[in-house]
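Trainee: Have a peek at target-v2.txt (compact mmCIF, C-alpha atoms and all ligand atoms).
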```
# COMPACT_ATOMS: atom_id res chain seq x y z
CA MET A 1 -69.53 47.83 128.88
CA ILE A 2 -69.77 44.95 126.39
CA SER A 3 -73.05 43.20 126.33
CA MET A 4 -73.33 39.76 124.78
CA SER A 5 -76.42 38.50 123.08
CA SER A 6 -77.78 35.33 124.54
CA ASP A 7 -76.73 33.23 121.48
CA PHE A 8 -73.07 34.19 121.70
CA ASP A 9 -71.25 31.70 123.92
CA PRO A 10 -67.42 31.76 123.96
CA VAL A 11 -67.36 28.29 125.55
CA ARG A 12 -68.90 26.78 122.38
CA MET A 13 -66.81 28.69 119.86
CA ASN A 14 -65.35 25.45 118.43
CA GLY A 15 -68.75 24.80 116.90
CA SER A 16 -69.51 21.77 118.98
CA SER A 17 -73.02 21.85 120.17
CA ASN A 18 -73.97 19.34 122.79
CA SER A 19 -76.60 17.65 120.65
CA GLY A 20 -74.43 14.87 119.13
CA SER A 21 -72.32 12.02 120.36
CA PRO A 22 -70.73 11.92 123.78
CA GLY A 23 -67.33 13.58 123.55
CA GLY A 24 -67.92 14.63 119.98
CA SER A 25 -66.31 13.16 116.87
CA GLN A 26 -62.91 11.54 117.39
CA PRO A 27 -60.41 9.70 115.15
CA GLY A 28 -61.58 6.12 114.72
CA ASP A 29 -65.10 7.05 115.58
CA GLY A 30 -66.40 5.35 112.46
CA ASP A 31 -70.00 4.98 113.42
CA GLY A 32 -70.41 8.31 115.17
CA THR A 33 -71.11 6.86 118.57
CA GLY A 34 -68.05 8.50 120.07
CA PHE A 35 -66.60 5.14 121.03
CA ASP A 36 -63.66 3.56 119.25
CA LEU A 37 -63.71 -0.13 120.14
CA ALA A 38 -60.28 -1.32 121.19
CA THR A 39 -61.14 -5.00 120.61
CA GLU A 40 -62.59 -6.31 117.36
CA THR A 41 -64.31 -9.69 117.29
CA ARG A 42 -63.16 -11.79 114.33
CA ILE A 43 -66.09 -12.68 112.09
CA LYS A 44 -66.18 -16.47 111.63
CA THR A 45 -67.15 -17.52 108.13
CA LYS A 46 -65.66 -21.03 107.97
CA LYS A 47 -67.83 -23.49 106.09
CA PRO A 48 -68.80 -26.65 107.97
CA SER A 49 -67.09 -29.94 107.09
CA LEU A 50 -69.17 -32.27 104.94
CA TYR A 51 -69.64 -36.02 105.26
CA ARG A 52 -70.57 -38.63 102.68
CA VAL A 53 -73.18 -41.15 103.75
CA LEU A 54 -72.57 -44.52 102.08
CA LEU A 55 -74.55 -47.73 101.78
CA LEU A 56 -72.70 -51.06 101.72
CA ASN A 57 -73.78 -54.12 99.81
CA ASP A 58 -74.68 -57.43 101.44
CA ASP A 59 -76.21 -60.67 100.18
CA TYR A 60 -79.44 -60.59 102.19
CA THR A 61 -81.10 -57.18 102.38
CA PRO A 62 -83.93 -57.09 99.80
CA MET A 63 -83.41 -54.66 96.93
CA GLU A 64 -86.84 -53.12 97.53
CA PHE A 65 -85.93 -52.37 101.16
CA VAL A 66 -82.80 -50.48 100.05
CA VAL A 67 -84.84 -48.49 97.52
CA PHE A 68 -87.31 -47.63 100.28
CA ILE A 69 -84.46 -46.48 102.56
CA LEU A 70 -83.13 -44.17 99.85
CA GLU A 71 -86.57 -42.69 99.23
CA ARG A 72 -87.44 -42.27 102.92
CA PHE A 73 -84.19 -40.97 104.41
CA PHE A 74 -82.33 -39.51 101.44
CA ASN A 75 -85.23 -37.86 99.62
CA ARG A 76 -84.54 -39.76 96.42
CA SER A 77 -87.08 -40.40 93.66
CA ARG A 78 -87.91 -44.02 92.89
CA GLU A 79 -85.69 -43.79 89.80
CA GLN A 80 -82.73 -42.26 91.67
CA ALA A 81 -83.11 -44.75 94.51
CA THR A 82 -83.17 -47.72 92.14
CA ARG A 83 -80.06 -46.47 90.34
CA ILE A 84 -78.15 -45.99 93.61
CA MET A 85 -79.28 -49.38 94.98
CA LEU A 86 -78.14 -51.17 91.78
CA HIS A 87 -74.82 -49.32 91.93
CA VAL A 88 -74.27 -50.55 95.51
CA HIS A 89 -75.37 -54.06 94.52
CA GLN A 90 -72.84 -54.15 91.67
CA LYS A 91 -69.92 -52.15 93.08
CA GLY A 92 -70.19 -52.93 96.80
CA VAL A 93 -70.62 -49.35 98.02
CA GLY A 94 -72.53 -46.26 96.91
CA LEU A 95 -73.22 -42.65 97.81
CA CYS A 96 -76.57 -41.74 99.36
CA GLY A 97 -75.82 -38.05 99.95
CA VAL A 98 -73.48 -35.46 101.48
CA TYR A 99 -74.39 -33.66 104.71
CA THR A 100 -73.04 -31.77 107.67
CA TYR A 101 -71.88 -33.94 110.59
CA GLU A 102 -75.05 -34.10 112.67
CA VAL A 103 -77.36 -34.60 109.68
CA ALA A 104 -75.15 -37.41 108.35
CA GLU A 105 -74.99 -39.00 111.81
CA THR A 106 -78.78 -38.90 112.10
CA LYS A 107 -79.31 -40.48 108.69
CA VAL A 108 -76.88 -43.31 109.42
CA ALA A 109 -78.68 -43.97 112.70
CA GLN A 110 -82.09 -43.95 110.99
CA VAL A 111 -80.93 -46.46 108.34
CA LEU A 112 -79.31 -48.80 110.88
CA ASP A 113 -82.31 -48.63 113.18
CA LEU A 114 -84.84 -49.48 110.47
CA ALA A 115 -82.62 -52.26 109.06
CA ARG A 116 -82.16 -53.75 112.54
CA ARG A 117 -85.90 -53.63 113.24
CA HIS A 118 -86.52 -55.52 109.97
CA GLU A 119 -83.62 -57.90 110.77
CA HIS A 120 -81.69 -56.94 107.64
CA PRO A 121 -77.88 -56.78 107.79
CA LEU A 122 -77.76 -53.53 105.78
CA GLN A 123 -74.77 -51.37 106.71
CA CYS A 124 -74.51 -47.61 106.38
CA VAL A 125 -71.45 -45.48 107.17
CA MET A 126 -70.30 -41.87 106.99
CA GLU A 127 -66.89 -40.52 105.97
CA LYS A 128 -65.47 -37.03 105.97
CA GLU A 129 -65.04 -35.28 102.64
CA ASP A 130 -61.53 -33.93 101.97
N1 LIG B 1 -77.27 -57.33 97.26
C1 LIG B 1 -78.63 -57.29 97.76
C2 LIG B 1 -79.45 -58.38 97.09
O1 LIG B 1 -79.03 -58.97 96.11
C3 LIG B 1 -79.28 -55.92 97.47
C4 LIG B 1 -78.61 -54.80 98.20
C5 LIG B 1 -78.36 -53.60 97.52
C6 LIG B 1 -78.26 -54.89 99.52
C7 LIG B 1 -77.75 -52.53 98.17
C8 LIG B 1 -77.68 -53.84 100.19
O2 LIG B 1 -76.86 -51.61 100.13
C9 LIG B 1 -77.43 -52.66 99.49
N2 LIG B 1 -80.64 -58.63 97.62
```
What is this structure when it is put down as structure tokens?
Mentor:
Amino acid sequence: MISMSSDFDPVRMNGSSNSGSPGGSQPGDGDGTGFDLATETRIKTKKPSLYRVLLLNDDYTPMEFVVFILERFFNRSREQATRIMLHVHQKGVGLCGVYTYEVAETKVAQVLDLARRHEHPLQCVMEKED
């Protein structure tokens, strides 16, 4: 009569204890969970489109108001704001900043709203960067 010790179990002779992943390690089981995902979700890393916000010149909006706009809404120093305002005054159009769509849209709306409330004809537009 052959007697087996209690730690000899022919059913487990492949070395697989039951303490790991369900079903044990399988091909493709990269993370050890026992599940090989059949569908992979593509990781989206596309950068958002950017938009230039531009100020347009006119004959009536006071220079100081334009400088204030650039300081308030475009976080420009007094020196930067004055340089941009003079550029617009001389060239007809100038760059305030570059932003994602919703930020640019908000800044244009803020400029137009304040200009309208002060009855200045100041125009501000956004355009997509290439
Ligand atoms: N041209 C205006 C003036 O002489 C000043 C001005 C500058 C207006 C920039 C608009 O976007 C502007 N008072």
Trainee: Which residues of chain A have any atom within 7 Å of an atom in ligand LIG 1 (chain B) when counting all atoms listed in the file, and what is the closest pair of atoms for each, with the distance in Å to one decimal? Order the rows by chain and rising number and write it as CSV.
Mentor:
```
residue,atom,partner,partner_atom,distance
A:Leu55,CA,B:LIG1,O2,4.8
A:Leu56,CA,B:LIG1,O2,4.5
A:Asn57,CA,B:LIG1,C8,3.9
A:Asp58,CA,B:LIG1,C6,4.8
A:Asp59,CA,B:LIG1,N1,4.6
A:Tyr60,CA,B:LIG1,N2,5.1
A:Thr61,CA,B:LIG1,C6,4.6
A:Pro62,CA,B:LIG1,N2,4.2
A:Met63,CA,B:LIG1,C3,4.4
A:Val66,CA,B:LIG1,C7,5.8
A:Met85,CA,B:LIG1,C7,4.7
A:Leu86,CA,B:LIG1,C5,6.2
A:Val88,CA,B:LIG1,C7,4.8
A:His89,CA,B:LIG1,C5,4.3
A:Val93,CA,B:LIG1,O2,7.0
A:Leu122,CA,B:LIG1,C8,5.6
A:Gln123,CA,B:LIG1,O2,6.9
```
Trainee: Counting only C-alpha atoms, which residue out of A:Tyr51, A:His120, A:Glu79, A:Lys44 sits closest to Thr106 in chain A?
Mentor: A:Tyr51
Trainee: Using only C-alpha atoms, pick whichever of A:Leu50, A:Arg42, A:Val108, A:Tyr101 has the shortest atom-to-atom distance to Leu70 in chain A.
Mentor: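 When distances to Leu70 in chain A are compared using only C-alpha atoms, the smallest one comes from A:Val108.
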Trainee: Determine the nearest neighbour of Cys96 in chain A from the options A:Lys128, A:Lys46, A:Arg52, A:Arg117, counting all atoms listed in the file.
Mentor: A:Arg52
Trainee: Hey, can you check how far CA of Pro121 in chain A sits from CA of Tyr99 in chain A?
Mentor: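 Distance reported for this atom pair: 23.6 Å.
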Trainee: Could you tell me how far CA of Val53 in chain A lies from CA of His118 in chain A, in Å and to one decimal?
Mentor: 20.6 Å
Trainee: Hey, can you check how far CA of Glu102 in chain A sits from CA of Gln90 in chain A?
Mentor: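 We find that CA of Glu102 in chain A and CA of Gln90 in chain A lie 29.1 Å from each other.
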Trainee: For Gln110 in chain A, which of A:Ile84, A:Val98, A:Ile69, A:Leu54 is the closest residue, counting only C-alpha atoms?
Mentor: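 Ranking A:Ile84, A:Val98, A:Ile69, A:Leu54 by distance to Gln110 in chain A, first place goes to A:Ile69.
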